[in-house]
$ cat coords02.tsv   # TSV, C-alpha atoms
chain	number	residue	atom	x	y	z
A	1	MET	CA	78.39	120.91	102.29
A	2	CYS	CA	78.38	121.42	98.58
A	3	ALA	CA	78.71	124.94	97.26
A	4	ALA	CA	82.09	126.59	96.95
A	5	PRO	CA	82.89	128.03	100.34
A	6	ASP	CA	83.57	131.72	100.89
A	7	GLN	CA	87.33	132.29	100.76
A	8	GLY	CA	87.36	135.00	103.43
A	9	THR	CA	90.02	134.83	106.11
A	10	ALA	CA	87.68	133.71	108.88
A	11	LEU	CA	87.45	129.94	109.21
A	12	PRO	CA	83.99	128.37	108.98
A	13	PRO	CA	82.35	127.83	112.37
A	14	ASN	CA	83.11	124.44	113.96
A	15	THR	CA	86.42	124.08	112.14
A	16	ASP	CA	88.35	121.81	114.50
A	17	LEU	CA	92.04	122.70	114.12
A	18	THR	CA	93.00	119.72	116.24
A	19	LYS	CA	91.65	117.56	113.38
A	20	GLU	CA	91.69	119.69	110.21
A	21	THR	CA	94.88	120.71	108.41
A	22	VAL	CA	94.05	124.12	107.00
A	23	LEU	CA	96.29	125.87	104.47
A	24	THR	CA	95.57	129.55	104.09
A	25	GLY	CA	97.17	132.82	102.98
A	26	ARG	CA	97.06	135.54	100.37
A	27	VAL	CA	97.92	135.91	96.71
A	28	VAL	CA	99.96	139.08	96.17
A	29	ALA	CA	101.55	140.99	93.29
A	30	ASP	CA	104.13	143.62	94.31
A	31	GLY	CA	102.86	143.24	97.88
A	32	GLN	CA	99.26	144.06	96.91
A	33	PRO	CA	96.49	141.46	97.31
A	34	VAL	CA	95.23	139.85	94.10
A	35	ALA	CA	91.49	139.15	94.09
A	36	GLY	CA	90.00	136.62	91.69
A	37	ALA	CA	93.18	134.59	91.21
A	38	PHE	CA	92.77	130.86	90.53
A	39	VAL	CA	94.56	129.12	93.38
A	40	ARG	CA	95.40	125.46	92.81
A	41	LEU	CA	96.51	122.96	95.44
A	42	LEU	CA	98.91	120.37	94.01
A	43	ASP	CA	100.06	117.29	95.93
A	44	SER	CA	103.66	116.14	96.42
A	45	THR	CA	103.71	114.61	92.93
A	46	GLY	CA	102.43	117.82	91.33
A	47	GLU	CA	98.99	116.29	90.86
A	48	PHE	CA	96.03	118.67	91.00
A	49	THR	CA	93.99	118.36	94.18
A	50	ALA	CA	91.70	121.39	94.42
A	51	GLU	CA	91.14	124.91	93.15
A	52	VAL	CA	89.58	128.02	94.66
A	53	VAL	CA	89.23	131.65	93.60
A	54	SER	CA	90.97	134.17	95.87
A	55	SER	CA	88.77	136.56	97.86
A	56	ALA	CA	88.58	140.36	97.57
A	57	THR	CA	91.58	140.54	99.90
A	58	GLY	CA	93.52	137.86	97.99
A	59	GLY	CA	92.73	135.14	100.52
A	60	TYR	CA	92.60	131.40	99.83
A	61	ARG	CA	91.95	128.37	102.03
A	62	PHE	CA	92.28	124.61	101.64
A	63	PHE	CA	91.41	121.70	103.89
A	64	ALA	CA	94.31	119.34	103.31
A	65	ALA	CA	96.35	116.83	105.29
A	66	PRO	CA	99.91	116.66	106.62
A	67	GLY	CA	102.44	116.34	103.79
A	68	THR	CA	104.08	118.42	101.09
A	69	TRP	CA	101.85	120.66	98.99
A	70	THR	CA	102.30	123.27	96.29
A	71	VAL	CA	99.93	126.23	96.24
A	72	ARG	CA	99.95	127.64	92.69
A	73	ALA	CA	98.12	130.82	91.63
A	74	LEU	CA	97.09	131.88	88.11
A	75	SER	CA	96.00	135.47	87.52
A	76	ARG	CA	95.86	138.30	85.01
A	77	GLN	CA	98.94	139.71	86.77
A	78	GLY	CA	100.88	136.49	86.27
A	79	ASN	CA	101.41	133.14	87.93
A	80	GLY	CA	103.37	131.98	90.97
A	81	GLN	CA	103.63	129.20	93.51
A	82	THR	CA	104.92	128.27	96.94
A	83	GLU	CA	105.45	125.07	98.89
A	84	VAL	CA	103.73	124.30	102.21
A	85	ARG	CA	104.67	121.42	104.52
A	86	PRO	CA	102.11	120.89	107.26
A	87	THR	CA	103.37	118.40	109.84
A	88	GLY	CA	100.06	117.81	111.60
A	89	PRO	CA	96.59	119.31	112.06
A	90	GLY	CA	96.44	123.09	112.48
A	91	LEU	CA	96.50	126.33	110.55
A	92	TYR	CA	99.34	126.92	108.07
A	93	GLU	CA	99.79	130.30	106.40
A	94	ALA	CA	101.66	130.96	103.16
A	95	GLU	CA	101.75	133.93	100.82
A	96	VAL	CA	101.83	133.27	97.07
A	97	ALA	CA	103.53	135.97	94.98
A	98	VAL	CA	102.53	136.21	91.33
A	99	ALA	CA	104.44	138.08	88.64
B	1	MET	CA	79.81	113.16	68.86
B	2	SER	CA	83.20	114.75	68.58
B	3	ARG	CA	85.04	117.78	69.86
B	4	GLN	CA	83.88	120.25	67.18
B	5	ASP	CA	80.22	119.31	67.82
B	6	VAL	CA	80.58	119.96	71.52
B	7	LEU	CA	83.11	122.64	72.38
B	8	VAL	CA	83.20	126.29	71.42
B	9	THR	CA	86.21	128.53	71.98
B	10	ALA	CA	86.18	131.82	73.86
B	11	ASP	CA	86.84	133.58	70.51
B	12	TRP	CA	83.77	131.93	68.97
B	13	ALA	CA	81.71	132.85	72.02
B	14	GLU	CA	82.82	136.48	71.92
B	15	LYS	CA	81.83	136.73	68.23
B	16	ASN	CA	78.42	135.19	68.90
B	17	LEU	CA	77.32	137.24	71.91
B	18	GLY	CA	73.87	138.66	71.28
B	19	THR	CA	73.18	136.37	68.32
B	20	ASP	CA	69.54	135.33	68.05
B	21	GLY	CA	69.03	131.66	68.80
B	22	ILE	CA	72.19	131.36	70.92
B	23	VAL	CA	71.73	131.42	74.69
B	24	PHE	CA	74.73	131.57	77.02
B	25	VAL	CA	74.05	129.94	80.38
B	26	GLU	CA	76.37	130.19	83.38
B	27	VAL	CA	76.38	127.41	85.99
B	28	ASP	CA	78.89	127.78	88.82
B	29	GLU	CA	79.94	125.79	91.84
B	30	ASP	CA	80.08	129.16	93.63
B	31	THR	CA	76.49	130.19	92.95
B	32	THR	CA	77.28	133.88	93.60
B	33	ALA	CA	79.96	134.13	90.88
B	34	TYR	CA	77.49	135.17	88.16
B	35	ASP	CA	76.25	138.10	90.19
B	36	GLY	CA	79.76	139.54	90.44
B	37	GLY	CA	80.08	139.60	86.65
B	38	HIS	CA	79.07	137.32	83.78
B	39	ILE	CA	79.48	137.00	80.03
B	40	PRO	CA	77.35	139.71	78.39
B	41	GLY	CA	73.84	138.40	77.72
B	42	ALA	CA	74.35	135.18	79.68
B	43	ILE	CA	71.67	133.94	82.06
B	44	LYS	CA	72.30	132.00	85.26
B	45	ILE	CA	71.18	128.61	86.46
B	46	ASN	CA	71.76	127.87	90.13
B	47	TRP	CA	72.69	124.19	90.40
B	48	THR	CA	71.72	123.90	94.07
B	49	THR	CA	68.22	125.34	93.76
B	50	GLU	CA	67.37	124.87	90.06
B	51	LEU	CA	69.08	121.68	88.81
B	52	GLN	CA	67.95	119.31	91.52
B	53	ASP	CA	64.71	118.41	93.21
B	54	GLN	CA	64.38	120.44	96.39
B	55	VAL	CA	62.84	117.63	98.47
B	56	ARG	CA	64.01	114.23	97.23
B	57	ARG	CA	67.65	113.64	96.39
B	58	ASP	CA	67.39	113.57	92.60
B	59	ILE	CA	67.92	115.60	89.46
B	60	LEU	CA	64.93	117.45	88.02
B	61	THR	CA	61.95	115.54	86.71
B	62	LYS	CA	61.02	116.05	83.06
B	63	GLU	CA	58.25	118.45	84.11
B	64	GLN	CA	60.58	120.41	86.38
B	65	PHE	CA	63.16	120.64	83.58
B	66	GLU	CA	60.48	121.95	81.21
B	67	GLN	CA	59.39	124.53	83.77
B	68	LEU	CA	62.97	125.66	84.36
B	69	LEU	CA	63.85	126.13	80.69
B	70	SER	CA	60.51	127.76	79.93
B	71	ALA	CA	61.01	130.25	82.78
B	72	LYS	CA	64.59	130.96	81.63
B	73	GLY	CA	63.37	131.78	78.13
B	74	ILE	CA	65.12	128.88	76.40
B	75	SER	CA	63.42	127.36	73.32
B	76	ASN	CA	63.80	123.85	72.00
B	77	ASP	CA	65.55	125.25	68.90
B	78	ASP	CA	68.02	127.46	70.75
B	79	THR	CA	71.72	126.67	70.78
B	80	VAL	CA	72.61	126.60	74.47
B	81	VAL	CA	76.23	127.39	75.34
B	82	LEU	CA	77.02	126.33	78.90
B	83	TYR	CA	79.98	127.65	80.85
B	84	GLY	CA	80.99	128.04	84.46
B	85	GLY	CA	83.68	128.37	87.06
B	86	ASN	CA	85.90	125.69	88.55
B	87	ASN	CA	86.90	124.23	85.18
B	88	ASN	CA	83.31	123.81	84.03
B	89	TRP	CA	82.45	121.20	86.70
B	90	PHE	CA	78.87	122.34	87.11
B	91	ALA	CA	78.50	123.49	83.53
B	92	ALA	CA	79.36	119.90	82.58
B	93	TYR	CA	76.80	118.65	85.10
B	94	ALA	CA	74.17	120.91	83.51
B	95	TYR	CA	75.32	119.76	80.05
B	96	TRP	CA	74.73	116.13	81.05
B	97	GLN	CA	71.28	116.95	82.42
B	98	PHE	CA	70.33	118.96	79.28
B	99	LYS	CA	71.44	115.93	77.21
B	100	LEU	CA	69.45	113.59	79.43
B	101	TYR	CA	66.29	115.54	78.62
B	102	GLY	CA	67.09	115.65	74.93
B	103	HIS	CA	68.20	119.22	74.26
B	104	GLU	CA	69.77	118.99	70.83
B	105	LYS	CA	71.83	122.08	70.17
B	106	LEU	CA	74.16	122.08	73.11
B	107	LYS	CA	77.71	123.41	73.50
B	108	LEU	CA	80.26	123.82	76.25
B	109	LEU	CA	82.56	126.85	76.34
B	110	ASP	CA	86.08	125.36	76.48
B	111	GLY	CA	87.87	126.69	79.56
B	112	GLY	CA	84.69	128.18	81.00
B	113	ARG	CA	84.86	131.22	83.22
B	114	LYS	CA	88.49	130.68	84.13
B	115	LYS	CA	89.88	131.01	80.62
B	116	TRP	CA	87.48	133.88	79.91
B	117	GLU	CA	88.79	135.74	82.98
B	118	LEU	CA	92.46	134.90	82.40
B	119	ASP	CA	92.07	136.20	78.83
B	120	GLY	CA	90.73	139.45	80.29
B	121	ARG	CA	87.49	139.27	78.33
B	122	THR	CA	84.45	141.36	79.21
B	123	LEU	CA	82.27	140.51	82.19
B	124	THR	CA	79.21	142.55	83.09
B	125	THR	CA	76.72	142.79	85.94
B	126	ASP	CA	73.91	143.85	83.57
B	127	VAL	CA	70.57	142.22	84.35
B	128	VAL	CA	69.57	139.83	81.56
B	129	GLU	CA	65.90	139.17	80.90
B	130	ARG	CA	64.47	136.74	78.40
B	131	THR	CA	60.85	136.19	77.43
B	132	PRO	CA	59.47	132.93	78.86
B	133	THR	CA	58.94	130.06	76.41
B	134	THR	CA	57.03	126.79	76.37
B	135	TYR	CA	59.82	124.24	76.46
B	136	LYS	CA	59.12	120.57	75.73
B	137	ALA	CA	61.62	118.05	77.11
B	138	LYS	CA	62.04	114.45	75.97
B	139	ASP	CA	61.79	111.49	78.31
B	140	PRO	CA	65.02	111.04	80.26
B	141	ASP	CA	67.68	109.15	78.32
B	142	ASN	CA	68.81	106.71	80.98
B	143	ALA	CA	71.42	105.32	78.58
B	144	ILE	CA	73.65	108.08	79.98
B	145	ARG	CA	72.63	107.78	83.65
B	146	ALA	CA	73.69	104.98	86.01
B	147	PHE	CA	71.83	103.99	89.16
B	148	ARG	CA	73.27	102.26	92.23
B	149	ASP	CA	72.33	98.66	91.38
B	150	GLU	CA	74.03	98.94	87.98
B	151	VAL	CA	77.17	100.12	89.72
B	152	VAL	CA	77.25	97.08	91.97
B	153	GLN	CA	76.62	94.83	88.95
B	154	ALA	CA	79.39	96.56	87.01
B	155	ILE	CA	82.06	95.47	89.49
B	156	GLY	CA	84.60	93.38	87.64
B	157	ASN	CA	83.04	93.69	84.18
B	158	LYS	CA	82.57	97.33	83.12
B	159	ASN	CA	84.96	100.26	83.22
B	160	LEU	CA	84.29	101.91	86.56
B	161	VAL	CA	86.04	105.26	86.42
B	162	ASP	CA	86.48	107.02	89.74
B	163	VAL	CA	87.37	110.60	88.86
B	164	ARG	CA	88.01	111.89	92.38
B	165	SER	CA	91.46	112.86	93.63
B	166	PRO	CA	93.83	110.01	94.60
B	167	ASP	CA	93.35	110.75	98.31
B	168	GLU	CA	89.57	110.48	98.01
B	169	PHE	CA	89.95	107.28	95.98
B	170	SER	CA	92.21	105.63	98.56
B	171	GLY	CA	89.92	106.67	101.38
B	172	LYS	CA	92.33	109.12	103.04
B	173	ILE	CA	89.85	112.00	102.69
B	174	LEU	CA	86.11	112.15	101.95
B	175	ALA	CA	85.72	115.40	100.01
B	176	PRO	CA	87.83	117.59	97.75
B	177	ALA	CA	90.43	119.60	99.64
B	178	HIS	CA	88.62	122.92	99.33
B	179	LEU	CA	85.70	121.55	101.35
B	180	PRO	CA	85.52	120.57	105.02
B	181	GLN	CA	85.79	116.86	105.62
B	182	GLU	CA	82.72	116.23	107.77
B	183	GLN	CA	80.88	113.40	105.99
B	184	SER	CA	78.90	110.42	107.16
B	185	GLN	CA	79.65	107.82	104.50
B	186	ARG	CA	82.45	105.25	104.47
B	187	PRO	CA	85.66	106.21	102.64
B	188	GLY	CA	87.08	104.24	99.72
B	189	HIS	CA	86.04	103.29	96.20
B	190	VAL	CA	84.00	100.75	94.25
B	191	PRO	CA	86.08	97.56	93.87
B	192	THR	CA	87.77	97.26	90.43
B	193	ALA	CA	87.37	100.99	89.74
B	194	ILE	CA	90.26	102.75	88.09
B	195	ASN	CA	91.22	106.19	89.38
B	196	ILE	CA	91.55	108.83	86.68
B	197	PRO	CA	91.06	112.21	88.36
B	198	TRP	CA	88.93	114.55	86.23
B	199	SER	CA	91.69	117.14	86.50
B	200	LYS	CA	94.01	115.03	84.34
B	201	ALA	CA	91.64	115.69	81.44
B	202	ALA	CA	91.98	119.47	81.78
B	203	ASN	CA	94.75	121.95	81.14
B	204	GLU	CA	95.70	124.48	83.80
B	205	ASP	CA	93.52	127.15	82.13
B	206	GLY	CA	90.46	124.89	82.32
B	207	THR	CA	90.37	123.86	78.65
B	208	PHE	CA	90.13	120.17	77.77
B	209	LYS	CA	93.32	118.38	76.70
B	210	SER	CA	93.61	117.24	73.08
B	211	ASP	CA	91.87	114.05	71.93
B	212	GLU	CA	95.28	112.44	71.51
B	213	GLU	CA	96.34	113.28	75.08
B	214	LEU	CA	92.98	112.14	76.44
B	215	ARG	CA	93.04	108.77	74.65
B	216	GLN	CA	96.54	108.15	75.95
B	217	LEU	CA	95.57	109.19	79.49
B	218	TYR	CA	92.71	106.70	79.70
B	219	ALA	CA	94.60	103.91	77.94
B	220	GLU	CA	97.53	104.21	80.34
B	221	ALA	CA	95.17	104.00	83.32
B	222	GLY	CA	93.74	100.70	82.09
B	223	TYR	CA	90.56	102.01	80.45
B	224	ASP	CA	89.10	99.50	77.97
B	225	PRO	CA	87.34	101.40	75.15
B	226	ASN	CA	85.46	98.23	74.14
B	227	LYS	CA	83.60	97.94	77.44
B	228	PRO	CA	80.67	99.95	78.77
B	229	THR	CA	81.64	102.60	81.29
B	230	ILE	CA	80.27	104.15	84.47
B	231	ALA	CA	81.93	107.31	85.78
B	232	TYR	CA	81.43	108.56	89.31
B	233	CYS	CA	82.85	111.05	91.80
B	234	ARG	CA	81.39	112.40	95.06
B	235	ILE	CA	78.13	114.05	93.98
B	236	GLY	CA	78.14	113.57	90.21
B	237	GLU	CA	79.52	116.87	88.92
B	238	ARG	CA	83.19	116.04	88.40
B	239	SER	CA	82.12	112.76	86.78
B	240	SER	CA	79.95	114.82	84.39
B	241	HIS	CA	83.20	116.48	83.29
B	242	THR	CA	84.68	113.04	82.56
B	243	TRP	CA	81.39	111.91	80.97
B	244	VAL	CA	81.75	114.83	78.55
B	245	VAL	CA	85.30	113.70	77.76
B	246	LEU	CA	84.48	110.03	77.19
B	247	HIS	CA	81.05	110.25	75.57
B	248	GLU	CA	81.10	113.63	73.84
B	249	LEU	CA	84.73	114.36	72.96
B	250	LEU	CA	86.16	110.88	72.42
B	251	GLY	CA	82.84	109.49	71.21
B	252	TYR	CA	82.72	106.25	73.23
B	253	ASP	CA	79.16	104.90	72.96
B	254	ASP	CA	78.11	103.36	76.23
B	255	VAL	CA	79.16	105.78	78.96
B	256	LYS	CA	76.99	106.58	81.96
B	257	ASN	CA	77.32	109.16	84.69
B	258	TYR	CA	76.50	107.84	88.17
B	259	ASP	CA	75.17	111.01	89.76
B	260	GLY	CA	74.47	109.28	93.07
B	261	SER	CA	78.25	108.83	93.22
B	262	TRP	CA	80.20	108.29	96.42
B	263	THR	CA	77.75	110.12	98.69
B	264	GLU	CA	75.21	107.44	97.76
B	265	TYR	CA	77.47	104.41	97.27
B	266	GLY	CA	79.52	105.08	100.41
B	267	SER	CA	76.29	105.20	102.44
B	268	LEU	CA	74.76	101.93	101.14
B	269	VAL	CA	74.49	99.07	103.60
B	270	GLY	CA	76.36	95.94	102.64
B	271	VAL	CA	77.94	96.90	99.30
B	272	PRO	CA	81.59	96.02	98.72
B	273	ILE	CA	84.14	98.80	99.24
B	274	GLU	CA	87.84	98.79	98.57
B	275	THR	CA	90.33	101.14	100.22
B	276	GLY	CA	93.92	102.04	99.46
B	277	ALA	CA	95.66	103.32	96.36
B	278	LYS	CA	96.14	101.40	93.13

$ encode --input "coords02.tsv" --output "structure tokens"
Amino acid sequence: MCAAPDQGTALPPNTDLTKETVLTGRVVADGQPVAGAFVRLLDSTGEFTAEVVSSATGGYRFFAAPGTWTVRALSRQGNGQTEVRPTGPGLYEAEVAVA
Amino acid sequence: MSRQDVLVTADWAEKNLGTDGIVFVEVDEDTTAYDGGHIPGAIKINWTTELQDQVRRDILTKEQFEQLLSAKGISNDDTVVLYGGNNNWFAAYAYWQFKLYGHEKLKLLDGGRKKWELDGRTLTTDVVERTPTTYKAKDPDNAIRAFRDEVVQAIGNKNLVDVRSPDEFSGKILAPAHLPQEQSQRPGHVPTAINIPWSKAANEDGTFKSDEELRQLYAEAGYDPNKPTIAYCRIGERSSHTWVVLHELLGYDDVKNYDGSWTEYGSLVGVPIETGAK
């Protein structure tokens, strides 16, 4: 597993949501999806953890762990961020509005 | 080496598109990014299929490197400007490999694809063709490449710089958080390594921090500029980013990239491993 994974909404096959903590959602501007945004996952101290590029439908996805995370998006339309607090393995959805 | 020898700005790049003797080369983690739009005139190198041996786990041999650059239409005298997505991770990896085989005129586009896109600069899907050349590589310069035995011997006496995220360093996770976590090797880090995530060396837009900020960053983390250094990560690409910082931007002499990195070290039988944060 090396190359940057496709950021479509479907999870990769064999994703075990009883073990993986998956953070997913869309980047939006005025309610419209933003493709090609740079979506950064920051840990509870604000430290950078990972970055992906949002899909054609604005989608992003991270494999994280329980805790407090900030999902921050940079785009031509502006920047924005939101906090996500997964409590255990599973799928957590959060929209990130940029302006 | 210093910053002005190594980095070019997006403004410089834009002014030099189409200049004879300057070849822009895109290397992305997402190997499809180029096809969706690239800097005008830039060619693509696919790191998964073109920058590593396809059978053994290794970088290219000298002959394979010569064949690649010849086929891409790159001459020994060309100025190669590397850039890519994800904060230049794989462009830095290509930069290190080009250096290893002695390419002299080599630059990295500061900020890579991300800054280019955030600036709203032109991307095109035009097909770029270059006439093949006869490229001659030098013998590999192993003064910038570390192998596993050197890493074990470096414990306790060289700077071992683990550039992965804190959670990978402590052993909580085995891969960056945008990748699934299924891995076979043991989690943790090389004993006595200091953890300075590569990302601390970059600004949010993907450009490198200033020399002043970088020196302070490494000093505060316990980096000793008077000792030789080995940088590693998971598969050797993020540590190439840090290798560029330490060897090329800050000009420290004896800095090696351990491209085997944690996927090799964490799979070795019997080597010491430390877990937990520092």

$ residues_around --input "coords02.tsv" --residues "region 78-85 of chain A" --least-positions-apart "2" --cutoff "8 Å" --atoms "only C-alpha atoms" --output "ChimeraX atom specification"
/A:23,66-76,87,92,94-99

$ residues_around --input "coords02.tsv" --residues "Asp254 (chain B)" --least-positions-apart "6" --cutoff "10 Å" --atoms "all atoms listed in the file" --output "number ranges by chain"
B: 143-144, 225-230, 246-247

$ closest_atom_pairs --input "coords02.tsv" --of "chain B" --to "chain A" --cutoff "6 Å" --atoms "all atoms listed in the file" --output "Markdown table"
| residue | atom | partner | partner_atom | distance |
| --- | --- | --- | --- | --- |
| B:Glu29 | CA | A:Ala4 | CA | 5.6 |
| B:Asp30 | CA | A:Ala4 | CA | 4.7 |
| B:Leu118 | CA | A:Arg76 | CA | 5.5 |
| B:Ala177 | CA | A:Phe63 | CA | 4.8 |
| B:His178 | CA | A:Phe62 | CA | 4.6 |

$ closest_residue --input "coords02.tsv" --among "A:Gly59, A:Pro86, A:Ser54, A:Leu42" --to "Thr24 (chain A)" --atoms "all atoms listed in the file"
A:Gly59

$ residues_around --input "coords02.tsv" --residues "Ile22 (chain B)" --least-positions-apart "4" --cutoff "7 Å" --atoms "all atoms listed in the file" --output "MDAnalysis selection string"
chainID B and resid 78:80

$ atom_distance --input "coords02.tsv" --atom1 "CA of Asn203 (chain B)" --atom2 "CA of Ile39 (chain B)"
21.5 Å

$ atom_distance --input "coords02.tsv" --atom1 "CA of Gly156 (chain B)" --atom2 "CA of Trp96 (chain B)"
25.7 Å

$ residues_around --input "coords02.tsv" --residues "Val128 (chain B)" --least-positions-apart "4" --cutoff "7 Å" --atoms "all atoms listed in the file" --output "list in words"
Gly41, Ala42 and Ile43 of chain B

$ atom_distance --input "coords02.tsv" --atom1 "CA of Thr19 (chain B)" --atom2 "CA of Val81 (chain B)"
11.8 Å

$ residues_around --input "coords02.tsv" --residues "Leu7 (chain B)" --least-positions-apart "4" --cutoff "7 Å" --atoms "all atoms listed in the file" --output "PyMOL selection string"
chain B and resi 3+107-110

$ build_atoms --input "coords02.tsv" --residues "region 65-73 of chain A" --atoms "all heavy atoms" --output "compact mmCIF listing (two decimals), in the frame of the given file"
# COMPACT_ATOMS: atom_id res chain seq x y z
N ALA A 65 95.88 117.84 104.36
CA ALA A 65 96.35 116.83 105.29
C ALA A 65 97.85 117.07 105.45
O ALA A 65 98.46 117.75 104.63
CB ALA A 65 96.08 115.43 104.71
N PRO A 66 98.46 116.50 106.49
CA PRO A 66 99.91 116.66 106.62
C PRO A 66 100.62 116.12 105.37
O PRO A 66 100.16 115.16 104.76
CB PRO A 66 100.25 115.81 107.85
CG PRO A 66 98.97 115.82 108.66
CD PRO A 66 97.87 115.79 107.63
N GLY A 67 101.72 116.77 104.98
CA GLY A 67 102.44 116.34 103.79
C GLY A 67 103.09 117.53 103.12
O GLY A 67 103.25 118.59 103.72
N THR A 68 103.45 117.35 101.85
CA THR A 68 104.08 118.42 101.09
C THR A 68 103.13 118.85 99.98
O THR A 68 102.68 118.02 99.19
CB THR A 68 105.41 117.95 100.46
OG1 THR A 68 106.26 117.49 101.52
CG2 THR A 68 106.10 119.07 99.71
N TRP A 69 102.82 120.14 99.95
CA TRP A 69 101.85 120.66 98.99
C TRP A 69 102.43 121.85 98.24
O TRP A 69 103.25 122.58 98.78
CB TRP A 69 100.58 121.12 99.71
CG TRP A 69 99.90 120.05 100.51
CD1 TRP A 69 100.11 119.77 101.83
CD2 TRP A 69 98.92 119.11 100.04
NE1 TRP A 69 99.31 118.71 102.22
CE2 TRP A 69 98.56 118.30 101.14
CE3 TRP A 69 98.30 118.89 98.81
CZ2 TRP A 69 97.63 117.27 101.05
CZ3 TRP A 69 97.36 117.88 98.71
CH2 TRP A 69 97.04 117.08 99.82
N THR A 70 101.97 122.05 97.02
CA THR A 70 102.30 123.27 96.29
C THR A 70 101.02 124.06 96.11
O THR A 70 100.00 123.52 95.69
CB THR A 70 102.90 122.93 94.91
OG1 THR A 70 104.11 122.22 95.12
CG2 THR A 70 103.20 124.20 94.12
N VAL A 71 101.06 125.33 96.48
CA VAL A 71 99.93 126.23 96.24
C VAL A 71 100.33 127.10 95.03
O VAL A 71 101.31 127.83 95.08
CB VAL A 71 99.64 127.12 97.47
CG1 VAL A 71 98.44 128.02 97.18
CG2 VAL A 71 99.37 126.26 98.69
N ARG A 72 99.60 126.95 93.93
CA ARG A 72 99.95 127.64 92.69
C ARG A 72 98.81 128.58 92.31
O ARG A 72 97.63 128.19 92.31
CB ARG A 72 100.17 126.60 91.58
CG ARG A 72 100.39 127.20 90.21
CD ARG A 72 101.00 126.17 89.25
NE ARG A 72 101.01 126.67 87.88
CZ ARG A 72 101.91 127.54 87.40
NH1 ARG A 72 102.86 128.00 88.20
NH2 ARG A 72 101.86 127.96 86.16
N ALA A 73 99.14 129.82 91.98
CA ALA A 73 98.12 130.82 91.63
C ALA A 73 98.27 131.27 90.18
O ALA A 73 99.38 131.51 89.70
CB ALA A 73 98.23 132.02 92.56
